[in-house]
>>> print(open('input00.cif').read())   # mmCIF, C-alpha atoms
data_model
#
loop_
_atom_site.label_atom_id
_atom_site.label_comp_id
_atom_site.auth_asym_id
_atom_site.auth_seq_id
_atom_site.Cartn_x
_atom_site.Cartn_y
_atom_site.Cartn_z
CA MET X 1 -119.96 -43.78 3.92
CA ILE X 2 -116.75 -41.79 4.33
CA PHE X 3 -114.78 -45.03 4.48
CA LYS X 4 -116.29 -46.18 1.16
CA SER X 5 -115.49 -42.87 -0.52
CA LYS X 6 -111.82 -43.18 0.47
CA LEU X 7 -111.54 -46.87 -0.40
CA PRO X 8 -110.38 -46.28 -4.02
CA SER X 9 -107.43 -44.27 -2.70
CA ALA X 10 -106.23 -47.16 -0.50
CA PRO X 11 -103.68 -48.51 -3.05
CA TYR X 12 -102.20 -45.04 -3.40
CA ILE X 13 -101.98 -44.64 0.38
CA VAL X 14 -100.24 -48.03 0.68
CA TRP X 15 -97.83 -47.08 -2.13
CA VAL X 16 -96.99 -43.77 -0.44
CA ALA X 17 -96.47 -45.50 2.90
CA ILE X 18 -94.15 -48.19 1.51
CA PHE X 19 -92.07 -46.15 -0.94
CA ILE X 20 -92.11 -42.66 0.61
CA LEU X 21 -92.99 -42.55 4.30
CA ILE X 22 -91.09 -45.65 5.45
CA PRO X 23 -87.85 -44.79 3.55
CA LEU X 24 -88.13 -41.20 4.81
CA PHE X 25 -88.52 -42.45 8.38
CA LEU X 26 -85.45 -44.67 7.97
CA VAL X 27 -83.39 -41.75 6.67
CA VAL X 28 -84.38 -39.59 9.64
CA TYR X 29 -83.81 -42.47 12.08
CA PHE X 30 -80.30 -43.27 10.84
CA ALA X 31 -79.41 -39.57 10.61
CA PHE X 32 -80.05 -39.08 14.34
CA THR X 33 -78.62 -42.35 15.68
CA ASP X 34 -75.16 -43.82 15.99
CA ILE X 35 -74.02 -47.33 15.14
CA SER X 36 -75.46 -48.65 18.41
CA GLY X 37 -78.87 -47.03 17.82
CA LYS X 38 -78.48 -44.24 20.40
CA PHE X 39 -79.69 -40.72 19.65
CA THR X 40 -77.01 -38.30 18.46
CA ILE X 41 -76.69 -35.10 16.45
CA LEU X 42 -73.04 -35.79 15.62
CA ASN X 43 -73.94 -37.03 12.15
CA ILE X 44 -75.72 -33.77 11.34
CA SER X 45 -72.94 -31.60 12.76
CA ASP X 46 -70.30 -33.52 10.78
CA VAL X 47 -72.03 -32.60 7.53
CA GLY X 48 -70.66 -29.06 7.96
CA LYS X 49 -67.17 -30.39 7.31
CA PHE X 50 -68.17 -31.01 3.71
CA GLY X 51 -69.54 -27.52 3.08
CA PRO X 52 -67.29 -26.96 0.02
CA ILE X 53 -68.73 -30.07 -1.61
CA PHE X 54 -72.27 -28.79 -1.01
CA LEU X 55 -71.38 -25.38 -2.44
CA ARG X 56 -69.70 -26.92 -5.48
CA SER X 57 -72.70 -29.18 -6.12
CA VAL X 58 -75.11 -26.25 -5.88
CA LEU X 59 -72.91 -24.06 -8.09
CA LEU X 60 -72.62 -26.66 -10.86
CA GLY X 61 -76.34 -27.38 -10.57
CA VAL X 62 -77.18 -23.68 -10.93
CA VAL X 63 -74.84 -23.30 -13.93
CA ALA X 64 -76.37 -26.35 -15.65
CA THR X 65 -79.89 -25.09 -14.92
CA VAL X 66 -79.19 -21.62 -16.31
CA ILE X 67 -77.63 -23.06 -19.48
CA CYS X 68 -80.62 -25.38 -19.95
CA LEU X 69 -83.01 -22.45 -19.54
CA VAL X 70 -81.11 -20.27 -22.01
CA LEU X 71 -81.03 -23.07 -24.60
CA ALA X 72 -84.53 -24.42 -24.02
CA TYR X 73 -86.52 -21.17 -23.86
CA PRO X 74 -86.11 -19.99 -27.48
CA PHE X 75 -86.23 -23.59 -28.72
CA ALA X 76 -89.53 -24.24 -26.93
CA PHE X 77 -91.02 -21.00 -28.22
CA VAL X 78 -90.07 -21.72 -31.84
CA MET X 79 -91.34 -25.26 -31.43
CA SER X 80 -94.68 -24.03 -30.08
CA ARG X 81 -95.13 -21.86 -33.22
CA MET X 82 -94.52 -24.76 -35.63
CA ASN X 83 -97.32 -26.59 -37.41
CA SER X 84 -98.70 -29.72 -35.78
CA ASN X 85 -96.77 -32.28 -37.84
CA LEU X 86 -93.45 -30.51 -37.36
CA GLN X 87 -94.11 -30.26 -33.62
CA LYS X 88 -94.61 -34.02 -33.43
CA LEU X 89 -91.40 -34.64 -35.36
CA THR X 90 -89.43 -32.26 -33.15
CA MET X 91 -90.88 -33.84 -30.02
CA MET X 92 -89.81 -37.27 -31.25
CA LEU X 93 -86.26 -36.01 -31.88
CA ILE X 94 -86.15 -34.55 -28.35
CA MET X 95 -87.34 -37.77 -26.76
CA LEU X 96 -85.27 -40.10 -28.98
CA PRO X 97 -82.08 -39.92 -26.85
CA MET X 98 -84.19 -40.64 -23.76
CA TRP X 99 -84.93 -44.10 -25.15
CA MET X 100 -81.27 -44.95 -24.61
CA ASN X 101 -80.01 -45.87 -21.16
CA TYR X 102 -78.85 -42.90 -19.07
CA ILE X 103 -75.45 -44.48 -18.37
CA LEU X 104 -74.86 -45.37 -22.03
CA ARG X 105 -75.49 -41.76 -23.04
CA THR X 106 -72.92 -40.61 -20.50
CA TYR X 107 -70.44 -43.24 -21.73
CA ALA X 108 -70.86 -41.81 -25.22
CA TRP X 109 -69.74 -38.41 -23.97
CA MET X 110 -66.71 -40.04 -22.34
CA ALA X 111 -65.70 -41.38 -25.75
CA LEU X 112 -66.15 -37.94 -27.27
CA LEU X 113 -64.32 -35.92 -24.62
CA GLU X 114 -61.38 -38.12 -23.67
CA THR X 115 -57.84 -37.22 -24.74
CA ASN X 116 -57.94 -39.65 -27.66
CA GLY X 117 -61.64 -39.06 -28.27
CA LEU X 118 -63.39 -37.99 -31.44
CA ILE X 119 -63.44 -34.27 -30.59
CA ASN X 120 -59.69 -34.12 -29.91
CA LYS X 121 -59.04 -36.13 -33.08
CA MET X 122 -61.07 -33.60 -35.04
CA PHE X 123 -59.02 -30.74 -33.53
CA GLY X 124 -55.88 -32.73 -34.30
CA THR X 125 -56.61 -32.60 -38.03
CA PHE X 126 -56.21 -28.81 -37.76
CA GLY X 127 -53.04 -29.08 -35.67
CA LEU X 128 -54.81 -28.19 -32.44
CA GLY X 129 -54.92 -29.96 -29.08
CA PRO X 130 -55.21 -32.33 -27.53
CA PHE X 131 -57.33 -30.45 -25.02
CA GLN X 132 -58.17 -31.62 -21.50
CA MET X 133 -61.96 -31.87 -21.70
CA ILE X 134 -62.70 -35.00 -19.67
CA ASN X 135 -62.43 -35.00 -15.86
CA THR X 136 -63.28 -31.30 -15.60
CA ASP X 137 -66.14 -29.26 -14.18
CA GLY X 138 -67.04 -28.25 -17.73
CA ALA X 139 -67.50 -31.90 -18.70
CA VAL X 140 -69.76 -32.46 -15.68
CA VAL X 141 -71.90 -29.43 -16.57
CA LEU X 142 -72.03 -30.59 -20.20
CA GLY X 143 -73.27 -34.00 -19.07
CA MET X 144 -75.94 -32.38 -16.90
CA VAL X 145 -77.12 -30.12 -19.71
CA TYR X 146 -77.23 -32.95 -22.23
CA ASN X 147 -79.16 -35.33 -19.96
CA TYR X 148 -81.56 -32.84 -18.40
CA LEU X 149 -82.25 -30.39 -21.25
CA PRO X 150 -85.44 -32.24 -22.32
CA PHE X 151 -86.81 -31.75 -18.80
CA MET X 152 -86.52 -28.00 -19.36
CA ILE X 153 -87.91 -28.00 -22.90
CA LEU X 154 -91.03 -30.06 -22.23
CA PRO X 155 -92.65 -27.91 -19.48
CA LEU X 156 -91.79 -24.73 -21.39
CA TYR X 157 -93.30 -26.11 -24.59
CA THR X 158 -96.42 -27.30 -22.74
CA VAL X 159 -97.06 -23.77 -21.45
CA MET X 160 -96.01 -21.85 -24.57
CA ILE X 161 -98.23 -23.84 -26.90
CA LYS X 162 -101.21 -22.46 -24.95
CA ILE X 163 -100.20 -18.85 -25.75
CA GLU X 164 -102.50 -18.06 -28.67
CA LYS X 165 -101.14 -16.20 -31.67
CA PRO X 166 -103.83 -13.45 -31.52
CA ILE X 167 -102.44 -12.37 -28.14
CA ILE X 168 -98.98 -11.81 -29.62
CA GLU X 169 -100.43 -10.19 -32.74
CA SER X 170 -102.51 -7.82 -30.61
CA ALA X 171 -99.43 -6.72 -28.69
CA GLN X 172 -97.61 -6.10 -31.96
CA ASP X 173 -100.57 -4.09 -33.32
CA LEU X 174 -100.42 -1.93 -30.21
CA GLY X 175 -96.81 -1.04 -30.96
CA ALA X 176 -94.82 -3.62 -28.98
CA ASN X 177 -91.55 -4.69 -30.58
CA ALA X 178 -90.15 -8.23 -30.40
CA PHE X 179 -88.39 -7.54 -27.09
CA GLY X 180 -91.54 -5.97 -25.61
CA VAL X 181 -93.65 -8.97 -26.64
CA LEU X 182 -91.13 -11.30 -25.02
CA VAL X 183 -90.89 -9.36 -21.74
CA LYS X 184 -94.51 -8.24 -21.36
CA ILE X 185 -96.43 -11.15 -22.91
CA VAL X 186 -94.52 -14.37 -23.54
CA PHE X 187 -92.34 -14.54 -20.44
CA PRO X 188 -95.09 -13.76 -17.86
CA LEU X 189 -97.42 -16.31 -19.45
CA SER X 190 -94.65 -18.92 -19.60
CA LYS X 191 -93.53 -18.37 -16.00
CA PRO X 192 -95.16 -21.63 -14.70
CA GLY X 193 -93.18 -23.60 -17.30
CA VAL X 194 -89.98 -21.79 -16.32
CA MET X 195 -90.47 -22.64 -12.64
CA SER X 196 -91.29 -26.28 -13.42
CA GLY X 197 -88.31 -26.61 -15.74
CA ILE X 198 -85.92 -25.08 -13.20
CA THR X 199 -87.14 -27.52 -10.55
CA MET X 200 -86.93 -30.55 -12.87
CA VAL X 201 -83.36 -29.71 -13.91
CA PHE X 202 -81.88 -28.32 -10.71
CA VAL X 203 -82.99 -31.16 -8.40
CA PRO X 204 -81.32 -34.02 -10.34
CA SER X 205 -78.32 -31.83 -11.22
CA VAL X 206 -77.45 -30.99 -7.64
CA SER X 207 -77.81 -34.63 -6.51
CA THR X 208 -76.24 -36.48 -9.46
CA PHE X 209 -73.32 -38.83 -8.96
CA ILE X 210 -73.12 -40.87 -12.19
CA ILE X 211 -72.31 -37.85 -14.35
CA SER X 212 -69.72 -36.46 -11.93
CA ARG X 213 -68.06 -39.86 -11.56
CA MET X 214 -67.89 -40.65 -15.27
CA LEU X 215 -67.19 -37.20 -16.72
CA GLY X 216 -65.53 -35.62 -13.69
CA GLY X 217 -63.18 -38.49 -12.97
CA GLY X 218 -64.27 -38.77 -9.35
CA THR X 219 -61.49 -36.40 -8.23
CA ASN X 220 -63.80 -33.51 -7.35
CA LEU X 221 -66.72 -34.95 -5.43
CA LEU X 222 -70.31 -33.77 -5.65
CA ILE X 223 -72.84 -34.32 -2.92
CA GLY X 224 -74.27 -37.35 -4.73
CA ASP X 225 -70.82 -38.96 -4.83
CA LEU X 226 -70.37 -38.31 -1.12
CA ILE X 227 -73.68 -39.97 -0.29
CA GLU X 228 -72.87 -42.97 -2.48
CA GLN X 229 -69.54 -43.45 -0.71
CA GLN X 230 -71.29 -43.77 2.64
CA PHE X 231 -73.39 -46.72 1.48
CA LEU X 232 -70.88 -48.51 -0.74
CA GLY X 233 -67.24 -49.48 -0.38
CA ASN X 234 -64.85 -49.22 2.54
CA ALA X 235 -66.32 -45.95 3.84
CA TYR X 236 -69.62 -47.65 4.70
CA ASN X 237 -71.43 -45.35 7.13
CA PRO X 238 -75.23 -45.33 6.62
CA GLN X 239 -75.74 -42.99 9.59
CA PHE X 240 -73.62 -40.24 8.07
CA GLY X 241 -74.96 -40.95 4.58
CA SER X 242 -78.50 -40.55 5.89
CA ALA X 243 -77.55 -37.26 7.56
CA ILE X 244 -76.17 -35.90 4.28
CA SER X 245 -79.28 -37.11 2.43
CA LEU X 246 -81.52 -35.42 4.99
CA ILE X 247 -79.71 -32.09 4.69
CA LEU X 248 -79.83 -32.30 0.90
CA MET X 249 -83.53 -33.15 1.03
CA ILE X 250 -84.28 -30.15 3.24
CA PHE X 251 -82.27 -27.86 0.97
CA ILE X 252 -84.15 -29.07 -2.13
CA LEU X 253 -87.53 -28.69 -0.41
CA LEU X 254 -86.67 -25.15 0.65
CA SER X 255 -85.55 -24.33 -2.89
CA MET X 256 -88.79 -25.71 -4.34
CA ALA X 257 -90.85 -23.80 -1.76
CA PHE X 258 -89.05 -20.59 -2.70
CA LEU X 259 -89.69 -21.13 -6.41
CA ASN X 260 -93.36 -21.97 -5.79
CA GLN X 261 -93.88 -18.82 -3.75
CA PHE X 262 -92.28 -16.75 -6.49
CA ASP X 263 -94.50 -18.40 -9.09
CA GLU X 264 -97.64 -17.79 -7.01
CA TYR X 265 -96.69 -14.14 -6.53
CA GLU X 266 -96.24 -13.64 -10.28
CA THR X 267 -99.49 -15.44 -11.02
CA GLU X 268 -101.44 -13.25 -8.61
CA GLY X 269 -99.94 -10.20 -10.27
CA LEU X 270 -101.27 -11.31 -13.64
CA VAL X 271 -104.80 -12.04 -12.45
#
>>> encode(input="input00.cif", output="structure tokens")
Amino acid sequence: MIFKSKLPSAPYIVWVAIFILIPLFLVVYFAFTDISGKFTILNISDVGKFGPIFLRSVLLGVVATVICLVLAYPFAFVMSRMNSNLQKLTMMLIMLPMWMNYILRTYAWMALLETNGLINKMFGTFGLGPFQMINTDGAVVLGMVYNYLPFMILPLYTVMIKIEKPIIESAQDLGANAFGVLVKIVFPLSKPGVMSGITMVFVPSVSTFIISRMLGGGTNLLIGDLIEQQFLGNAYNPQFGSAISLILMIFILLSMAFLNQFDEYETEGLV
């Protein structure tokens, strides 16, 4: 009887085993073995040599996440207060760039930011520039914000649309000003969306390699670039690449666990 009740979940279990558990086992196996298959922790210890790259990746990821939150929060709130038809139109405009290939969107920013790009040409008409915008940390952060901003807007909008107008009106009737409504009502109720948005933006930002390669010029590596180098090209070293991937995976899991605990604490405080 128990076997029959679990039978419908069999395809999901097989999917998880093939695409999650087996790849995860391979990453752990290669991370703790050398080229001959013998156990070693040398790969893990060597990751410490690239600490600055880890720190730089985390820093740029945090900056991109904060910018996305600052831009997305008021936008999502205003969007949640629109009428139904305008919400649908705005949602379509948000999702429209996502219909285009991720790499093509990044190529478009290359054309805009390069020395002879459209932005520098526009500045040139006013006798300014050309400015060095491509191959900089700012360009990498810009690419992250542009590509991942929808992943911050959508969870915020999903939560904010559930905040009923009478709740806000009641707070205003009781004497709360706009700032008080934001701090005491809107933000606490939207906290789950904030945590989800931070996770959905920070995780791909800290592990990206396409954006850093195309907009950063590949001169200042991010952790994603370092991992890619270990599996492609002359620096082929899957053992070390797996070790870096494992450390990055642990860091991301710890970050998500921290955010989830914070979210649970805030939720319990509101109940």
>>> residues_around(input="input00.cif", residues="stretch 214-218 of chain X", least_positions_apart="4", cutoff="12 Å", atoms="all atoms listed in the file", output="PyMOL selection string")
chain X and resi 60+102-114+132-144+208-210+222-226+228-229
>>> atom_distance(input="input00.cif", atom1="atom CA of X:Lys49", atom2="atom CA of X:Met249")
17.7 Å
>>> axis_aligned_box(input="input00.cif", around="stretch 93-109 of chain X", padding_each_side="8 Å", output="JSON")
{"center_x": -78.5, "center_y": -40.2, "center_z": -25.1, "size_x": 33.6, "size_y": 27.3, "size_z": 29.5}
>>> closest_residue(input="input00.cif", among="X:Pro150, X:Pro188, X:Gly175, X:Pro238", to="X:Cys68", atoms="only C-alpha atoms")
X:Pro150
>>> atom_distance(input="input00.cif", atom1="atom CA of X:Phe187", atom2="atom CA of X:Pro74")
10.9 Å
>>> resolve_selection(input="input00.cif", expression="the PyMOL selection byres ((chain X and resi 79) around 10)", output="PyMOL selection string")
chain X and resi 73-78+80-84+86-88+90-91+153+157+160-161
>>> closest_residue(input="input00.cif", among="X:Asn116, X:Thr65, X:Ser212, X:Thr219", to="X:Ser196", atoms="all atoms listed in the file")
X:Thr65
>>> closest_residue(input="input00.cif", among="X:Val206, X:Met95, X:Leu7, X:Val181", to="X:Ser245", atoms="only C-alpha atoms")
X:Val206
>>> closest_residue(input="input00.cif", among="X:Phe123, X:Ile185, X:Thr115, X:Leu96", to="X:Asn147", atoms="all atoms listed in the file")
X:Leu96
>>> decode(input="input00.cif", residues="stretch 73-215 of chain X", atoms="C-alpha atoms", output="PDB file, in the first residue's frame")
ATOM      1  CA  TYR X  73      10.938  47.543  -4.621  1.00  0.00           C
ATOM      2  CA  PRO X  74       9.174  50.829  -5.495  1.00  0.00           C
ATOM      3  CA  PHE X  75       8.471  49.579  -9.017  1.00  0.00           C
ATOM      4  CA  ALA X  76       6.806  46.407  -7.708  1.00  0.00           C
ATOM      5  CA  PHE X  77       4.756  48.370  -5.193  1.00  0.00           C
ATOM      6  CA  VAL X  78       3.491  50.851  -7.793  1.00  0.00           C
ATOM      7  CA  MET X  79       2.780  47.968 -10.147  1.00  0.00           C
ATOM      8  CA  SER X  80       0.775  46.133  -7.474  1.00  0.00           C
ATOM      9  CA  ARG X  81      -1.450  49.239  -7.038  1.00  0.00           C
ATOM     10  CA  MET X  82      -2.241  49.520 -10.771  1.00  0.00           C
ATOM     11  CA  ASN X  83      -5.503  48.327 -12.282  1.00  0.00           C
ATOM     12  CA  SER X  84      -5.621  44.805 -13.670  1.00  0.00           C
ATOM     13  CA  ASN X  85      -5.140  45.673 -17.350  1.00  0.00           C
ATOM     14  CA  LEU X  86      -2.187  47.960 -16.658  1.00  0.00           C
ATOM     15  CA  GLN X  87      -0.601  45.282 -14.476  1.00  0.00           C
ATOM     16  CA  LYS X  88      -0.798  42.794 -17.340  1.00  0.00           C
ATOM     17  CA  LEU X  89       0.751  45.295 -19.746  1.00  0.00           C
ATOM     18  CA  THR X  90       3.563  46.107 -17.319  1.00  0.00           C
ATOM     19  CA  MET X  91       4.207  42.418 -16.701  1.00  0.00           C
ATOM     20  CA  MET X  92       4.474  41.835 -20.449  1.00  0.00           C
ATOM     21  CA  LEU X  93       6.990  44.687 -20.776  1.00  0.00           C
ATOM     22  CA  ILE X  94       9.056  43.201 -17.925  1.00  0.00           C
ATOM     23  CA  MET X  95       9.082  39.745 -19.473  1.00  0.00           C
ATOM     24  CA  LEU X  96       9.576  40.921 -23.074  1.00  0.00           C
ATOM     25  CA  PRO X  97      13.409  41.153 -22.878  1.00  0.00           C
ATOM     26  CA  MET X  98      13.462  37.651 -21.367  1.00  0.00           C
ATOM     27  CA  TRP X  99      12.157  36.279 -24.661  1.00  0.00           C
ATOM     28  CA  MET X 100      15.488  37.212 -26.214  1.00  0.00           C
ATOM     29  CA  ASN X 101      18.526  34.999 -25.717  1.00  0.00           C
ATOM     30  CA  TYR X 102      20.585  35.829 -22.621  1.00  0.00           C
ATOM     31  CA  ILE X 103      23.821  36.125 -24.619  1.00  0.00           C
ATOM     32  CA  LEU X 104      22.241  38.360 -27.266  1.00  0.00           C
ATOM     33  CA  ARG X 105      21.044  40.758 -24.581  1.00  0.00           C
ATOM     34  CA  THR X 106      24.563  40.956 -23.193  1.00  0.00           C
ATOM     35  CA  TYR X 107      25.976  41.500 -26.702  1.00  0.00           C
ATOM     36  CA  ALA X 108      23.595  44.438 -27.057  1.00  0.00           C
ATOM     37  CA  TRP X 109      25.137  46.056 -23.983  1.00  0.00           C
ATOM     38  CA  MET X 110      28.595  45.518 -25.471  1.00  0.00           C
ATOM     39  CA  ALA X 111      27.518  47.538 -28.514  1.00  0.00           C
ATOM     40  CA  LEU X 112      26.185  50.268 -26.253  1.00  0.00           C
ATOM     41  CA  LEU X 113      29.144  50.522 -23.873  1.00  0.00           C
ATOM     42  CA  GLU X 114      32.160  50.073 -26.130  1.00  0.00           C
ATOM     43  CA  THR X 115      34.428  53.012 -26.965  1.00  0.00           C
ATOM     44  CA  ASN X 116      32.745  53.557 -30.334  1.00  0.00           C
ATOM     45  CA  GLY X 117      29.348  52.498 -29.020  1.00  0.00           C
ATOM     46  CA  LEU X 118      26.072  54.377 -29.113  1.00  0.00           C
ATOM     47  CA  ILE X 119      26.408  55.871 -25.619  1.00  0.00           C
ATOM     48  CA  ASN X 120      29.869  57.327 -26.301  1.00  0.00           C
ATOM     49  CA  LYS X 121      28.652  58.627 -29.667  1.00  0.00           C
ATOM     50  CA  MET X 122      25.799  60.382 -27.891  1.00  0.00           C
ATOM     51  CA  PHE X 123      28.257  61.970 -25.435  1.00  0.00           C
ATOM     52  CA  GLY X 124      30.454  62.890 -28.395  1.00  0.00           C
ATOM     53  CA  THR X 125      27.722  65.110 -29.841  1.00  0.00           C
ATOM     54  CA  PHE X 126      28.096  67.251 -26.698  1.00  0.00           C
ATOM     55  CA  GLY X 127      31.891  67.240 -26.890  1.00  0.00           C
ATOM     56  CA  LEU X 128      32.257  64.720 -24.079  1.00  0.00           C
ATOM     57  CA  GLY X 129      34.139  61.424 -23.913  1.00  0.00           C
ATOM     58  CA  PRO X 130      34.847  58.911 -25.048  1.00  0.00           C
ATOM     59  CA  PHE X 131      34.493  57.252 -21.659  1.00  0.00           C
ATOM     60  CA  GLN X 132      35.848  53.835 -20.699  1.00  0.00           C
ATOM     61  CA  MET X 133      32.633  51.992 -19.855  1.00  0.00           C
ATOM     62  CA  ILE X 134      33.269  48.512 -21.247  1.00  0.00           C
ATOM     63  CA  ASN X 135      35.663  46.095 -19.520  1.00  0.00           C
ATOM     64  CA  THR X 136      35.006  47.589 -16.084  1.00  0.00           C
ATOM     65  CA  ASP X 137      33.413  46.399 -12.860  1.00  0.00           C
ATOM     66  CA  GLY X 138      30.622  48.905 -13.445  1.00  0.00           C
ATOM     67  CA  ALA X 139      29.794  47.280 -16.776  1.00  0.00           C
ATOM     68  CA  VAL X 140      29.681  43.850 -15.123  1.00  0.00           C
ATOM     69  CA  VAL X 141      27.333  45.111 -12.397  1.00  0.00           C
ATOM     70  CA  LEU X 142      25.187  46.819 -15.041  1.00  0.00           C
ATOM     71  CA  GLY X 143      24.911  43.545 -16.950  1.00  0.00           C
ATOM     72  CA  MET X 144      23.912  41.706 -13.769  1.00  0.00           C
ATOM     73  CA  VAL X 145      21.270  44.291 -12.881  1.00  0.00           C
ATOM     74  CA  TYR X 146      19.824  44.334 -16.386  1.00  0.00           C
ATOM     75  CA  ASN X 147      19.608  40.541 -16.692  1.00  0.00           C
ATOM     76  CA  TYR X 148      18.456  39.724 -13.161  1.00  0.00           C
ATOM     77  CA  LEU X 149      16.193  42.679 -12.291  1.00  0.00           C
ATOM     78  CA  PRO X 150      13.018  40.807 -13.369  1.00  0.00           C
ATOM     79  CA  PHE X 151      13.888  38.058 -10.871  1.00  0.00           C
ATOM     80  CA  MET X 152      13.703  40.687  -8.122  1.00  0.00           C
ATOM     81  CA  ILE X 153      10.542  42.379  -9.390  1.00  0.00           C
ATOM     82  CA  LEU X 154       8.419  39.255  -9.826  1.00  0.00           C
ATOM     83  CA  PRO X 155       8.597  37.839  -6.258  1.00  0.00           C
ATOM     84  CA  LEU X 156       8.127  41.329  -4.799  1.00  0.00           C
ATOM     85  CA  TYR X 157       5.104  41.957  -7.003  1.00  0.00           C
ATOM     86  CA  THR X 158       3.626  38.537  -6.163  1.00  0.00           C
ATOM     87  CA  VAL X 159       3.739  39.351  -2.444  1.00  0.00           C
ATOM     88  CA  MET X 160       2.763  43.035  -2.652  1.00  0.00           C
ATOM     89  CA  ILE X 161      -0.332  42.389  -4.735  1.00  0.00           C
ATOM     90  CA  LYS X 162      -1.701  40.422  -1.766  1.00  0.00           C
ATOM     91  CA  ILE X 163      -1.433  43.470   0.527  1.00  0.00           C
ATOM     92  CA  GLU X 164      -5.006  44.757   0.495  1.00  0.00           C
ATOM     93  CA  LYS X 165      -5.662  48.472   0.189  1.00  0.00           C
ATOM     94  CA  PRO X 166      -7.856  48.616   3.346  1.00  0.00           C
ATOM     95  CA  ILE X 167      -4.817  47.635   5.428  1.00  0.00           C
ATOM     96  CA  ILE X 168      -2.843  50.618   4.144  1.00  0.00           C
ATOM     97  CA  GLU X 169      -5.859  52.918   4.435  1.00  0.00           C
ATOM     98  CA  SER X 170      -6.418  51.807   8.030  1.00  0.00           C
ATOM     99  CA  ALA X 171      -2.823  52.639   8.928  1.00  0.00           C
ATOM    100  CA  GLN X 172      -3.209  56.060   7.336  1.00  0.00           C
ATOM    101  CA  ASP X 173      -6.477  56.665   9.236  1.00  0.00           C
ATOM    102  CA  LEU X 174      -4.633  55.871  12.462  1.00  0.00           C
ATOM    103  CA  GLY X 175      -2.127  58.629  11.745  1.00  0.00           C
ATOM    104  CA  ALA X 176       0.710  56.817   9.953  1.00  0.00           C
ATOM    105  CA  ASN X 177       2.504  58.872   7.324  1.00  0.00           C
ATOM    106  CA  ALA X 178       3.859  57.438   4.063  1.00  0.00           C
ATOM    107  CA  PHE X 179       7.175  56.461   5.676  1.00  0.00           C
ATOM    108  CA  GLY X 180       5.391  54.828   8.621  1.00  0.00           C
ATOM    109  CA  VAL X 181       3.156  52.812   6.293  1.00  0.00           C
ATOM    110  CA  LEU X 182       6.217  51.630   4.379  1.00  0.00           C
ATOM    111  CA  VAL X 183       8.230  50.648   7.467  1.00  0.00           C
ATOM    112  CA  LYS X 184       5.440  49.263   9.662  1.00  0.00           C
ATOM    113  CA  ILE X 185       3.066  47.729   7.102  1.00  0.00           C
ATOM    114  CA  VAL X 186       4.366  47.270   3.568  1.00  0.00           C
ATOM    115  CA  PHE X 187       7.925  46.159   4.243  1.00  0.00           C
ATOM    116  CA  PRO X 188       7.120  43.537   6.946  1.00  0.00           C
ATOM    117  CA  LEU X 189       4.376  42.035   4.786  1.00  0.00           C
ATOM    118  CA  SER X 190       6.632  42.008   1.721  1.00  0.00           C
ATOM    119  CA  LYS X 191       9.593  40.449   3.550  1.00  0.00           C
ATOM    120  CA  PRO X 192       9.092  36.959   1.957  1.00  0.00           C
ATOM    121  CA  GLY X 193       9.287  38.554  -1.496  1.00  0.00           C
ATOM    122  CA  VAL X 194      12.422  40.464  -0.504  1.00  0.00           C
ATOM    123  CA  MET X 195      14.144  37.290   0.688  1.00  0.00           C
ATOM    124  CA  SER X 196      13.125  35.360  -2.440  1.00  0.00           C
ATOM    125  CA  GLY X 197      14.261  38.174  -4.709  1.00  0.00           C
ATOM    126  CA  ILE X 198      17.623  38.493  -2.971  1.00  0.00           C
ATOM    127  CA  THR X 199      18.208  34.757  -3.359  1.00  0.00           C
ATOM    128  CA  MET X 200      17.141  34.705  -7.018  1.00  0.00           C
ATOM    129  CA  VAL X 201      19.455  37.603  -7.903  1.00  0.00           C
ATOM    130  CA  PHE X 202      22.457  36.961  -5.679  1.00  0.00           C
ATOM    131  CA  VAL X 203      22.945  33.283  -6.592  1.00  0.00           C
ATOM    132  CA  PRO X 204      23.284  33.785 -10.386  1.00  0.00           C
ATOM    133  CA  SER X 205      25.187  37.061  -9.903  1.00  0.00           C
ATOM    134  CA  VAL X 206      27.920  35.554  -7.768  1.00  0.00           C
ATOM    135  CA  SER X 207      28.375  32.583 -10.124  1.00  0.00           C
ATOM    136  CA  THR X 208      28.032  34.275 -13.527  1.00  0.00           C
ATOM    137  CA  PHE X 209      30.776  34.036 -16.125  1.00  0.00           C
ATOM    138  CA  ILE X 210      29.160  35.146 -19.400  1.00  0.00           C
ATOM    139  CA  ILE X 211      28.503  38.685 -18.175  1.00  0.00           C
ATOM    140  CA  SER X 212      31.969  39.107 -16.659  1.00  0.00           C
ATOM    141  CA  ARG X 213      33.637  37.750 -19.796  1.00  0.00           C
ATOM    142  CA  MET X 214      31.681  39.870 -22.268  1.00  0.00           C
ATOM    143  CA  LEU X 215      31.334  43.122 -20.307  1.00  0.00           C
TER     144      LEU X 215
END
